[in-house]
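**Q** So here's upload_23.cif, just mmCIF, C-alpha atoms:
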```
data_work
loop_
_atom_site.label_atom_id
_atom_site.label_comp_id
_atom_site.auth_asym_id
_atom_site.auth_seq_id
_atom_site.Cartn_x
_atom_site.Cartn_y
_atom_site.Cartn_z
CA MET A 1 138.08 82.94 109.91
CA THR A 2 136.81 80.56 112.55
CA THR A 3 137.21 83.17 115.25
CA SER A 4 135.22 85.65 113.17
CA ARG A 5 132.45 83.14 112.57
CA ASN A 6 132.31 82.23 116.26
CA SER A 7 132.26 85.87 117.27
CA ARG A 8 129.45 86.54 114.87
CA ALA A 9 127.53 83.55 116.19
CA GLY A 10 128.09 84.72 119.75
CA LEU A 11 126.88 88.19 118.88
CA THR A 12 123.79 86.78 117.21
CA THR A 13 123.01 84.61 120.24
CA ALA A 14 123.47 87.51 122.62
CA THR A 15 121.34 89.76 120.47
CA LYS A 16 118.53 87.20 120.37
CA ALA A 17 118.77 86.73 124.12
CA ASP A 18 118.52 90.48 124.67
CA ARG A 19 115.46 90.63 122.49
CA ILE A 20 113.79 87.83 124.39
CA ALA A 21 114.73 89.24 127.77
CA THR A 22 113.51 92.75 126.97
CA PRO A 23 109.73 92.89 126.62
CA LYS A 24 108.38 94.80 123.67
CA THR A 25 106.51 97.99 124.39
CA PRO A 26 103.10 96.61 123.29
CA VAL A 27 103.32 93.92 125.98
CA THR A 28 103.50 96.50 128.79
CA THR A 29 101.11 98.99 127.20
CA PRO A 30 98.57 99.98 129.85
CA ALA A 31 94.84 100.08 129.30
CA LEU A 32 93.62 103.19 127.51
CA SER A 33 92.49 105.77 130.07
CA ALA A 34 89.96 108.56 129.55
CA GLY A 35 92.59 111.13 130.49
CA LEU A 36 95.02 109.90 127.84
CA LEU A 37 92.28 109.77 125.20
CA ILE A 38 91.31 113.38 125.98
CA ALA A 39 94.98 114.41 125.78
CA ILE A 40 95.34 112.72 122.37
CA LEU A 41 92.15 114.31 121.03
CA LEU A 42 93.24 117.77 122.21
CA VAL A 43 96.49 117.43 120.27
CA ALA A 44 94.48 116.29 117.24
CA ALA A 45 92.22 119.33 117.55
CA ASN A 46 95.28 121.57 117.23
CA LEU A 47 96.54 119.99 114.01
CA ARG A 48 94.12 121.88 111.73
CA VAL A 49 92.28 124.53 113.74
CA THR A 50 94.77 127.33 112.99
CA LEU A 51 94.89 126.50 109.28
CA THR A 52 91.37 125.97 107.98
CA GLY A 53 90.04 129.42 108.88
CA VAL A 54 92.60 131.18 106.68
CA GLY A 55 90.81 130.33 103.44
CA THR A 56 87.53 131.95 104.51
CA LEU A 57 89.38 135.04 105.81
CA LEU A 58 91.64 135.36 102.77
CA PRO A 59 89.47 137.91 100.89
CA ALA A 60 89.50 140.22 103.91
CA ILE A 61 93.25 139.70 104.41
CA GLU A 62 93.96 140.52 100.75
CA HIS A 63 91.74 143.60 100.90
CA ASP A 64 93.31 145.03 104.06
CA THR A 65 96.96 144.19 103.37
CA GLY A 66 97.09 144.51 99.59
CA LEU A 67 98.22 140.89 99.33
CA THR A 68 97.88 139.60 95.77
CA ALA A 69 96.00 136.46 94.82
CA SER A 70 99.33 134.74 94.21
CA GLY A 71 100.49 135.80 97.66
CA GLY A 72 97.29 134.40 99.10
CA GLY A 73 97.99 131.10 97.35
CA VAL A 74 101.47 131.02 98.85
CA LEU A 75 100.03 131.73 102.31
CA SER A 76 97.59 128.83 101.94
CA THR A 77 100.19 126.38 100.63
CA LEU A 78 103.06 127.42 102.92
CA PRO A 79 102.04 125.14 105.85
CA LEU A 80 102.17 122.04 103.64
CA PHE A 81 105.70 122.83 102.48
CA VAL A 82 106.76 123.47 106.09
CA PHE A 83 105.26 120.09 107.06
CA ALA A 84 107.28 118.38 104.33
CA VAL A 85 110.55 120.05 105.34
CA THR A 86 110.12 119.64 109.11
CA SER A 87 108.79 116.08 109.39
CA PRO A 88 112.05 114.17 108.72
CA PHE A 89 113.80 115.90 111.64
CA VAL A 90 111.17 115.18 114.28
CA GLY A 91 112.30 111.61 114.96
CA ARG A 92 115.90 112.46 115.84
CA THR A 93 114.82 115.42 117.96
CA SER A 94 112.28 113.28 119.78
CA HIS A 95 114.94 110.65 120.45
CA ARG A 96 117.15 113.25 122.12
CA VAL A 97 114.62 115.19 124.21
CA GLY A 98 111.73 112.74 124.60
CA THR A 99 108.34 112.47 122.95
CA THR A 100 106.38 114.12 125.76
CA ARG A 101 108.83 117.00 126.17
CA LEU A 102 108.91 117.70 122.45
CA LEU A 103 105.13 117.55 122.20
CA VAL A 104 104.70 120.02 125.07
CA ALA A 105 107.28 122.33 123.47
CA ALA A 106 105.42 122.10 120.15
CA LEU A 107 102.13 123.09 121.78
CA ALA A 108 103.82 126.11 123.40
CA VAL A 109 105.37 127.12 120.07
CA LEU A 110 102.00 126.65 118.37
CA ALA A 111 100.36 129.07 120.81
CA ALA A 112 103.16 131.61 120.30
CA GLY A 113 103.05 131.28 116.51
CA THR A 114 99.28 131.75 116.49
CA VAL A 115 99.67 135.03 118.39
CA VAL A 116 102.50 136.24 116.14
CA ARG A 117 100.43 135.52 113.03
CA SER A 118 97.56 137.67 114.31
CA LEU A 119 99.71 140.79 114.83
CA PRO A 120 98.99 143.75 112.48
CA SER A 121 101.89 143.15 110.12
CA LEU A 122 102.12 141.34 106.79
CA ALA A 123 105.55 140.01 107.77
CA CYS A 124 104.12 138.64 111.04
CA LEU A 125 101.36 136.95 109.06
CA PHE A 126 103.90 134.87 107.13
CA VAL A 127 106.43 134.42 109.96
CA GLY A 128 103.69 133.33 112.37
CA THR A 129 102.38 130.87 109.78
CA VAL A 130 105.83 129.28 109.46
CA ILE A 131 106.24 129.06 113.26
CA LEU A 132 102.88 127.44 113.92
CA SER A 133 103.32 125.13 110.92
CA VAL A 134 106.59 123.79 112.35
CA ALA A 135 104.78 123.07 115.63
CA ILE A 136 101.91 121.33 113.83
CA ALA A 137 104.38 119.22 111.83
CA VAL A 138 105.86 117.99 115.12
CA GLY A 139 102.39 117.08 116.38
CA ASN A 140 101.55 115.34 113.10
CA VAL A 141 104.57 113.05 113.43
CA LEU A 142 104.48 112.47 117.19
CA LEU A 143 100.78 111.67 117.57
CA PRO A 144 101.06 108.25 115.86
CA THR A 145 104.03 107.55 118.16
CA VAL A 146 102.02 108.48 121.27
CA ILE A 147 99.26 106.15 120.10
CA ARG A 148 101.72 103.36 119.28
CA THR A 149 103.33 103.71 122.73
CA HIS A 150 100.35 104.15 125.03
CA VAL A 151 97.34 102.61 123.25
CA PRO A 152 96.75 98.82 123.20
CA GLY A 153 97.27 97.35 119.75
CA SER A 154 93.61 96.37 119.42
CA ARG A 155 92.58 100.01 119.95
CA VAL A 156 95.07 101.73 117.63
CA HIS A 157 92.71 101.78 114.64
CA THR A 158 89.79 103.06 116.75
CA VAL A 159 91.82 105.81 118.43
CA SER A 160 93.26 106.86 115.06
CA ALA A 161 89.72 107.19 113.71
CA LEU A 162 88.68 109.22 116.77
CA TYR A 163 91.55 111.64 116.42
CA VAL A 164 90.87 112.07 112.69
CA THR A 165 87.25 112.83 113.58
CA ALA A 166 88.24 115.35 116.27
CA MET A 167 90.71 116.97 113.88
CA GLY A 168 88.08 117.24 111.15
CA MET A 169 85.30 118.52 113.39
CA VAL A 170 87.40 121.32 114.89
CA ALA A 171 88.77 122.18 111.44
CA ALA A 172 85.23 122.48 110.08
CA LEU A 173 84.24 124.59 113.10
CA SER A 174 87.16 126.92 112.48
CA SER A 175 86.13 127.34 108.85
CA GLY A 176 82.58 128.17 109.89
CA ILE A 177 83.15 130.64 112.72
CA SER A 178 86.19 132.57 111.46
CA VAL A 179 84.23 135.10 109.38
CA PRO A 180 81.52 135.68 112.05
CA LEU A 181 84.28 136.18 114.64
CA ALA A 182 85.99 138.69 112.37
CA GLU A 183 82.73 140.63 112.13
CA VAL A 184 82.10 140.87 115.88
CA LEU A 185 85.59 140.99 117.43
CA PRO A 186 87.40 144.34 117.69
CA GLY A 187 90.49 143.13 115.86
CA THR A 188 88.50 141.87 112.83
CA TRP A 189 90.37 139.11 110.96
CA HIS A 190 93.43 139.49 113.20
CA SER A 191 91.40 138.38 116.22
CA ALA A 192 89.71 135.64 114.18
CA LEU A 193 93.13 134.22 113.32
CA ALA A 194 94.09 134.24 117.00
CA TRP A 195 91.17 132.31 118.47
CA GLY A 196 92.91 128.95 117.93
CA VAL A 197 95.32 129.82 120.74
CA VAL A 198 92.54 128.80 123.14
CA VAL A 199 92.69 125.21 121.86
CA ALA A 200 96.50 125.19 122.05
CA VAL A 201 96.50 126.42 125.65
CA ALA A 202 93.89 123.81 126.62
CA ALA A 203 96.05 121.02 125.19
CA LEU A 204 99.14 122.48 126.85
CA ALA A 205 97.39 122.46 130.24
CA VAL A 206 96.55 118.77 129.86
CA TRP A 207 100.03 117.74 128.68
CA LEU A 208 102.16 119.77 131.11
CA PRO A 209 101.51 117.40 134.07
CA ARG A 210 102.71 114.52 131.89
CA LEU A 211 106.21 116.02 131.88
CA ARG A 212 106.72 114.66 135.38
CA GLY A 213 108.91 111.60 135.17
CA SER A 214 109.52 111.94 131.43
CA ARG A 215 113.03 110.99 130.27
CA PRO A 216 115.24 112.27 127.44
CA ASP A 217 114.40 109.19 125.38
CA GLY A 218 110.73 109.31 126.35
CA GLY A 219 111.06 105.76 127.65
CA VAL A 220 110.24 104.44 124.20
CA ARG A 221 113.55 103.83 122.47
CA SER A 222 113.66 100.69 120.42
CA ARG A 223 116.76 98.48 120.66
CA GLY A 224 118.59 101.32 122.43
CA ALA A 225 119.10 103.40 119.28
CA HIS A 226 117.25 105.92 117.21
CA ALA A 227 115.44 104.28 114.31
CA ARG A 228 116.56 105.79 111.05
CA THR A 229 114.14 106.84 108.34
CA PRO A 230 113.36 103.66 106.34
CA TRP A 231 114.16 105.06 102.91
CA ARG A 232 115.16 101.59 101.62
CA SER A 233 111.90 99.87 102.53
CA TRP A 234 109.38 99.44 99.72
CA LEU A 235 106.59 99.02 102.27
CA ALA A 236 107.55 102.39 103.82
CA TRP A 237 107.38 103.98 100.37
CA GLN A 238 103.94 102.46 99.80
CA VAL A 239 102.75 103.91 103.12
CA SER A 240 104.25 107.27 102.10
CA PHE A 241 102.73 107.29 98.62
CA PHE A 242 99.34 106.34 100.01
CA MET A 243 99.59 109.17 102.56
CA GLY A 244 100.66 111.61 99.86
CA LEU A 245 98.06 110.74 97.26
CA GLN A 246 95.15 110.78 99.70
CA SER A 247 96.39 114.16 100.96
CA LEU A 248 96.62 115.43 97.38
CA ALA A 249 93.05 114.32 96.65
CA PHE A 250 91.73 115.93 99.85
CA TYR A 251 93.56 119.25 99.58
CA THR A 252 92.78 119.53 95.88
CA ALA A 253 89.08 119.02 96.60
CA VAL A 254 89.18 121.61 99.38
CA ALA A 255 91.01 124.10 97.14
CA TRP A 256 89.25 123.60 93.81
CA LEU A 257 85.94 121.76 94.26
CA PRO A 258 83.85 124.97 94.54
CA SER A 259 85.56 126.37 91.42
CA ILE A 260 84.96 123.16 89.48
CA LEU A 261 81.28 123.08 90.43
CA SER A 262 80.86 126.79 89.67
CA GLN A 263 82.33 126.35 86.20
CA GLN A 264 79.90 123.48 85.65
CA GLY A 265 76.97 125.84 86.31
CA MET A 266 76.40 125.65 90.07
CA SER A 267 76.01 128.83 92.09
CA THR A 268 78.90 129.82 94.35
CA THR A 269 76.71 129.44 97.44
CA ALA A 270 75.62 125.94 96.46
CA ALA A 271 79.21 125.04 95.60
CA GLY A 272 80.30 126.14 99.07
CA TRP A 273 77.65 123.93 100.67
CA MET A 274 78.81 121.04 98.49
CA LEU A 275 82.29 121.44 99.94
CA PHE A 276 80.81 121.37 103.43
CA TYR A 277 78.79 118.26 102.54
CA TYR A 278 81.92 116.54 101.18
CA GLN A 279 83.77 117.14 104.45
CA LEU A 280 80.75 116.04 106.50
CA VAL A 281 80.53 112.71 104.63
CA ALA A 282 84.27 112.19 105.15
CA LEU A 283 83.86 112.80 108.90
CA VAL A 284 80.98 110.35 109.25
CA THR A 285 82.89 107.74 107.26
CA SER A 286 85.98 108.12 109.45
CA MET A 287 83.82 107.50 112.54
CA LEU A 288 82.16 104.40 111.10
CA LEU A 289 85.24 102.77 109.56
CA PRO A 290 86.53 101.17 112.82
CA LEU A 291 83.20 99.38 113.24
CA ILE A 292 83.52 97.88 109.77
CA THR A 293 87.19 96.89 109.97
CA ARG A 294 87.33 95.89 113.65
CA GLY A 295 89.80 93.07 114.31
CA ARG A 296 91.22 93.07 110.77
CA HIS A 297 94.98 93.47 110.51
CA ASP A 298 95.09 93.01 106.74
CA GLN A 299 93.53 96.15 105.26
CA ARG A 300 94.58 95.83 101.63
CA PHE A 301 91.06 95.70 100.25
CA ALA A 302 89.76 98.52 102.45
CA ALA A 303 92.55 100.85 101.26
CA ALA A 304 92.15 99.85 97.61
CA ALA A 305 88.35 100.13 97.75
CA GLY A 306 88.47 103.58 99.42
CA SER A 307 90.87 104.80 96.71
CA ALA A 308 88.69 103.36 93.95
CA ILE A 309 85.68 105.18 95.39
CA VAL A 310 87.63 108.46 95.24
CA ALA A 311 88.51 107.73 91.60
CA ALA A 312 84.83 107.03 90.85
CA GLY A 313 83.87 110.35 92.45
CA PHE A 314 86.27 112.36 90.28
CA ALA A 315 85.21 110.42 87.16
CA LEU A 316 81.52 111.04 87.90
CA LEU A 317 82.22 114.73 88.41
CA LEU A 318 83.87 114.82 84.98
CA LEU A 319 81.40 112.72 82.98
CA PHE A 320 78.09 113.61 84.64
CA PRO A 321 78.23 117.12 86.19
CA ALA A 322 74.51 116.97 86.95
CA LEU A 323 75.27 114.20 89.47
CA ALA A 324 77.49 116.47 91.58
CA LEU A 325 75.78 115.41 94.82
CA ALA A 326 76.50 111.73 94.11
CA ALA A 327 80.07 112.59 93.10
CA CYS A 328 80.68 114.53 96.33
CA THR A 329 79.19 111.64 98.31
CA LEU A 330 81.64 109.21 96.72
CA LEU A 331 84.55 111.60 97.25
CA GLY A 332 83.63 112.02 100.93
CA LEU A 333 83.24 108.28 101.49
CA GLY A 334 86.60 107.52 99.94
CA ALA A 335 88.37 110.42 101.66
CA GLY A 336 87.18 109.32 105.10
CA VAL A 337 88.38 105.76 104.56
CA CYS A 338 91.75 106.73 103.11
CA LEU A 339 92.62 109.36 105.71
CA VAL A 340 92.01 107.04 108.67
CA LEU A 341 93.97 104.21 107.05
CA ALA A 342 96.84 106.49 105.98
CA LEU A 343 97.32 107.66 109.57
CA SER A 344 96.76 104.20 111.06
CA PHE A 345 99.40 102.61 108.82
CA GLN A 346 102.05 104.89 110.32
CA SER A 347 101.50 103.14 113.66
CA GLN A 348 100.49 99.66 112.53
CA ARG A 349 103.31 99.10 110.05
CA ALA A 350 106.08 99.90 112.57
CA THR A 351 107.63 97.49 115.07
CA GLY A 352 107.95 99.99 117.92
CA PRO A 353 107.58 103.63 118.98
CA SER A 354 110.94 104.78 117.60
CA GLU A 355 110.20 103.08 114.28
CA THR A 356 106.74 104.67 114.28
CA THR A 357 108.29 108.13 114.58
CA ALA A 358 110.71 107.37 111.74
CA LEU A 359 107.97 105.98 109.48
CA ALA A 360 105.57 108.84 110.29
CA GLY A 361 108.30 111.37 109.55
CA MET A 362 108.96 109.82 106.15
CA ALA A 363 105.29 109.33 105.27
CA GLN A 364 104.33 112.88 106.21
CA SER A 365 107.35 114.46 104.57
CA ILE A 366 106.58 112.74 101.27
CA GLY A 367 102.84 113.08 101.78
CA TYR A 368 102.67 116.80 102.41
CA LEU A 369 105.17 117.57 99.66
CA VAL A 370 102.87 115.77 97.22
CA ALA A 371 99.82 117.43 98.77
CA ALA A 372 101.35 120.90 98.45
CA ALA A 373 102.34 120.38 94.83
CA GLY A 374 98.98 118.93 93.79
CA PRO A 375 96.66 121.96 94.02
CA LEU A 376 99.30 124.25 92.51
CA LEU A 377 100.02 121.98 89.54
CA LEU A 378 96.34 121.32 88.89
CA GLY A 379 95.66 125.06 89.03
CA VAL A 380 98.35 125.62 86.42
CA LEU A 381 96.86 122.82 84.29
CA HIS A 382 93.45 124.52 84.47
CA ASP A 383 94.89 127.93 83.56
CA THR A 384 96.72 126.39 80.61
CA THR A 385 93.78 124.43 79.18
CA GLY A 386 90.94 126.71 80.28
CA SER A 387 88.91 123.82 81.72
CA TRP A 388 88.93 121.29 84.54
CA THR A 389 88.77 118.26 82.23
CA GLY A 390 92.51 117.54 82.29
CA ALA A 391 92.70 118.09 86.05
CA LEU A 392 89.83 115.70 86.73
CA LEU A 393 91.32 113.07 84.42
CA LEU A 394 94.64 113.37 86.24
CA LEU A 395 92.94 113.14 89.65
CA THR A 396 91.09 110.00 88.55
CA ALA A 397 94.33 108.41 87.38
CA LEU A 398 96.21 109.37 90.55
CA SER A 399 93.42 107.90 92.66
CA LEU A 400 93.88 104.58 90.88
CA VAL A 401 97.61 104.78 91.62
CA MET A 402 96.62 105.44 95.23
CA ALA A 403 94.60 102.21 95.17
CA ALA A 404 97.73 100.27 94.20
CA ALA A 405 99.79 101.99 96.92
CA GLY A 406 97.04 101.39 99.48
CA TYR A 407 96.83 97.70 98.58
CA GLY A 408 100.55 97.38 99.30
CA ALA A 409 100.50 99.53 102.44
CA GLY A 410 97.53 97.61 103.80
CA ARG A 411 99.42 94.31 104.02
CA ASP A 412 99.77 92.88 107.51
CA ARG A 413 103.52 93.46 107.56
CA HIS A 414 106.01 95.63 109.42
CA VAL A 415 108.61 98.11 108.24
CA ARG A 416 111.77 97.13 110.09
CA THR A 417 115.00 98.95 110.89
CA ARG A 418 117.84 96.49 111.63
CA PRO A 419 120.76 97.27 113.97
CA ASP A 420 122.97 98.01 110.99
CA HIS A 421 120.31 100.52 109.88
CA GLU A 422 119.26 98.49 106.87
CA THR A 423 115.54 98.01 106.42
CA ASP A 424 113.46 94.97 105.72
CA GLU A 425 109.83 94.05 105.74
CA ARG A 426 108.41 90.77 106.97
CA ARG A 427 105.13 89.39 108.07
CA PRO A 428 104.65 89.96 111.82
CA GLY A 429 106.13 86.97 113.63
CA HIS A 430 108.34 85.94 110.71
CA ILE A 431 111.78 84.71 111.71
CA GLY A 432 114.44 84.51 109.05
CA PRO A 433 117.98 85.56 108.20
CA HIS A 434 118.69 89.07 109.48
CA ALA A 435 115.07 89.39 110.56
CA GLU A 436 113.80 90.37 113.97
CA ASN A 437 111.04 88.34 115.55
CA THR A 438 108.15 90.76 116.04
CA LYS A 439 106.26 88.44 118.37
CA SER A 440 106.31 89.63 121.94
CA ALA A 441 108.28 87.63 124.45
CA PRO A 442 106.17 85.66 126.91
#
```
Please, can you express the file's structure as structure tokens?

**A**
Amino acid sequence: MTTSRNSRAGLTTATKADRIATPKTPVTTPALSAGLLIAILLVAANLRVTLTGVGTLLPAIEHDTGLTASGGGVLSTLPLFVFAVTSPFVGRTSHRVGTTRLLVAALAVLAAGTVVRSLPSLACLFVGTVILSVAIAVGNVLLPTVIRTHVPGSRVHTVSALYVTAMGMVAALSSGISVPLAEVLPGTWHSALAWGVVVAVAALAVWLPRLRGSRPDGGVRSRGAHARTPWRSWLAWQVSFFMGLQSLAFYTAVAWLPSILSQQGMSTTAAGWMLFYYQLVALVTSMLLPLITRGRHDQRFAAAAGSAIVAAGFALLLLFPALALAACTLLGLGAGVCLVLALSFQSQRATGPSETTALAGMAQSIGYLVAAAGPLLLGVLHDTTGSWTGALLLLTALSLVMAAAGYGAGRDRHVRTRPDHETDERRPGHIGPHAENTKSAP
């Protein structure tokens, strides 16, 4: 018994010594360079550009291929389900081949999938969508890890906001130019679906030189082992629920907002512009948020307030349809805040790059599964009741649940994976039984 206790004490002492002797990644993080920022933003630009144009081209696709409306709904929702299925496996794959190598491979697969999807075949349309969605899921998970590894801690929130802005701007551009491209290009909607390959190739050209010197573990392994998905951490679940509910609110608004406004008496053209205005407000908010929250590690109230604003927007849309402009303004303000925070938490709530990948994989798997189910279930609810009242009530309630999840996820704490693969959550710097000191060694 004594020998066991002494051995355990010796192991604990050695483990602590190793932790002190090995500097944490944030300590050696270099200054953010313009080249790295451009590389990050190019990856962000690829995360939505091949997806957002499909909705505007869907009528032409259905007309030419004979695809039913239900088939069109499956095509639109398929990427979200692929994200949910793929995300949990990205961390282990990244640990084996390296973050940079996997990211470069994903960009190459994205370009190939975009080309396959544009081929004149209904089967290629769906197969290509699955291929490019797998590649985007890898980018979704790895980008927070790249930021956590290479961006100074004080800049993480700002860079996250910038990449959300780049992602949104290119997504909006794709929505706007897809139909005009289909009208002028010889391949009609096939060519319009393929134009995103230009963005993928540009990102690939920037990231290929970064393969030089990359290692199988990407140089970012934490404690010499792959961090397991933190399923047993309540903080990780709060981050995941917050990610999922904000995604549900956003994708539901994108899918159904024009229909809701049209049923309330607005013309289809005006409803389309309202959707554009909603996304524009969200973009502006995501750019301004870092200026408001600069230097704040505790973001409980920002996350809760952003969620409450979304709830107020849905409630206003239900109770006072004539105030649709004000409702869309509130929805855009809240969406911009929640999206930036949801993505930032995946980096800020982890203790290292490997843990960031594990947390991002969990958050995005749960998040996109919820996001995919939301528009479908709310559409069924509308078809059953014949109105949007029940759907708007449910969205308001879910937004309030999101406020509670955001308040928990916004705490200045870390999701932790211990050597025995159990998880814990402590305030940064807390030292206690079975806890790892998150303060960097001097």

**Q** Run the PyMOL selection byres ((chain A and resi 208) around 10) mentally over the shown coordinates, then write out the matched residues as number ranges by chain, using the chain letters and numbers from the document.

**A** A: 100-101, 103-105, 107, 203-207, 209-212

**Q** May I have the residues from that selection written out with C-alpha atoms, as a PDB file, in the frame of the given file?

**A**
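Saved the output as result.pdb:
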```
ATOM      1  CA  THR A 100     106.380 114.120 125.760  1.00  0.00           C
ATOM      2  CA  ARG A 101     108.830 117.000 126.170  1.00  0.00           C
ATOM      3  CA  LEU A 103     105.130 117.550 122.200  1.00  0.00           C
ATOM      4  CA  VAL A 104     104.700 120.020 125.070  1.00  0.00           C
ATOM      5  CA  ALA A 105     107.280 122.330 123.470  1.00  0.00           C
ATOM      6  CA  LEU A 107     102.130 123.090 121.780  1.00  0.00           C
ATOM      7  CA  ALA A 203      96.050 121.020 125.190  1.00  0.00           C
ATOM      8  CA  LEU A 204      99.140 122.480 126.850  1.00  0.00           C
ATOM      9  CA  ALA A 205      97.390 122.460 130.240  1.00  0.00           C
ATOM     10  CA  VAL A 206      96.550 118.770 129.860  1.00  0.00           C
ATOM     11  CA  TRP A 207     100.030 117.740 128.680  1.00  0.00           C
ATOM     12  CA  PRO A 209     101.510 117.400 134.070  1.00  0.00           C
ATOM     13  CA  ARG A 210     102.710 114.520 131.890  1.00  0.00           C
ATOM     14  CA  LEU A 211     106.210 116.020 131.880  1.00  0.00           C
ATOM     15  CA  ARG A 212     106.720 114.660 135.380  1.00  0.00           C
TER      16      ARG A 212
END
```

**Q** What are the closest atom pairs, with distances in Å to one decimal, for each residue of segment 33-149 of chain A lying within 10 Å of segment 251-272 of chain A, using only C-alpha atoms, rows by chain and rising residue number, as JSON lines?

**A**
```
{"residue": "A:Thr52", "atom": "CA", "partner": "A:Val254", "partner_atom": "CA", "distance": 9.9}
{"residue": "A:Gly55", "atom": "CA", "partner": "A:Ala255", "partner_atom": "CA", "distance": 8.9}
{"residue": "A:Gly73", "atom": "CA", "partner": "A:Ala255", "partner_atom": "CA", "distance": 9.9}
{"residue": "A:Ser76", "atom": "CA", "partner": "A:Ala255", "partner_atom": "CA", "distance": 9.4}
{"residue": "A:Thr77", "atom": "CA", "partner": "A:Tyr251", "partner_atom": "CA", "distance": 9.8}
{"residue": "A:Leu80", "atom": "CA", "partner": "A:Tyr251", "partner_atom": "CA", "distance": 9.9}
```

**Q** List every residue of segment 133-242 of chain A that has an atom at most 9 Å from any atom of segment 399-408 of chain A, giving for each one its closest atom pair and the distance in Å to one decimal, counting only C-alpha atoms, sorted by chain and then by ascending residue number, as JSON lines.

**A**
```
{"residue": "A:Leu235", "atom": "CA", "partner": "A:Gly408", "partner_atom": "CA", "distance": 6.9}
{"residue": "A:Trp237", "atom": "CA", "partner": "A:Ala405", "partner_atom": "CA", "distance": 8.6}
{"residue": "A:Gln238", "atom": "CA", "partner": "A:Ala405", "partner_atom": "CA", "distance": 5.1}
{"residue": "A:Val239", "atom": "CA", "partner": "A:Ala405", "partner_atom": "CA", "distance": 7.1}
{"residue": "A:Ser240", "atom": "CA", "partner": "A:Ala405", "partner_atom": "CA", "distance": 8.6}
{"residue": "A:Phe241", "atom": "CA", "partner": "A:Ala405", "partner_atom": "CA", "distance": 6.3}
{"residue": "A:Phe242", "atom": "CA", "partner": "A:Ala405", "partner_atom": "CA", "distance": 5.4}
```

**Q** Return the padded bounding box of segment 272-284 of chain A as AutoDock Vina command-line options: axis-aligned, built from all atoms listed in the file, 4 Å added on each side, with centre and edge lengths in Å to one decimal.

**A**
```
--center_x 81.0 --center_y 118.2 --center_z 103.9 --size_x 14.6 --size_y 23.8 --size_z 18.8
```

**Q** I need the residue nearest Pro321 of chain A from this list: A:Leu339, A:His382, A:Leu280, A:Trp388. Use all atoms listed in the file for the distance.

**A**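 Of A:Leu339, A:His382, A:Leu280, A:Trp388, the one nearest Pro321 of chain A, counting all atoms listed in the file, is A:Trp388.
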
**Q** In terms of the shortest atom-to-atom distance over only C-alpha atoms, which of A:Gly410, A:Pro186, A:Pro180, A:Gly66 is closest to Asp298 of chain A?

**A**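 Of all the options, A:Gly410 lies closest to Asp298 of chain A.
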
**Q** Using only C-alpha atoms, find the one residue out of A:Thr114, A:Asn46, A:Thr165, A:Ser133 that sits nearest to Thr285 of chain A.

**A**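 Looking only at the distances to Thr285 of chain A, the closest residue turns out to be A:Thr165.
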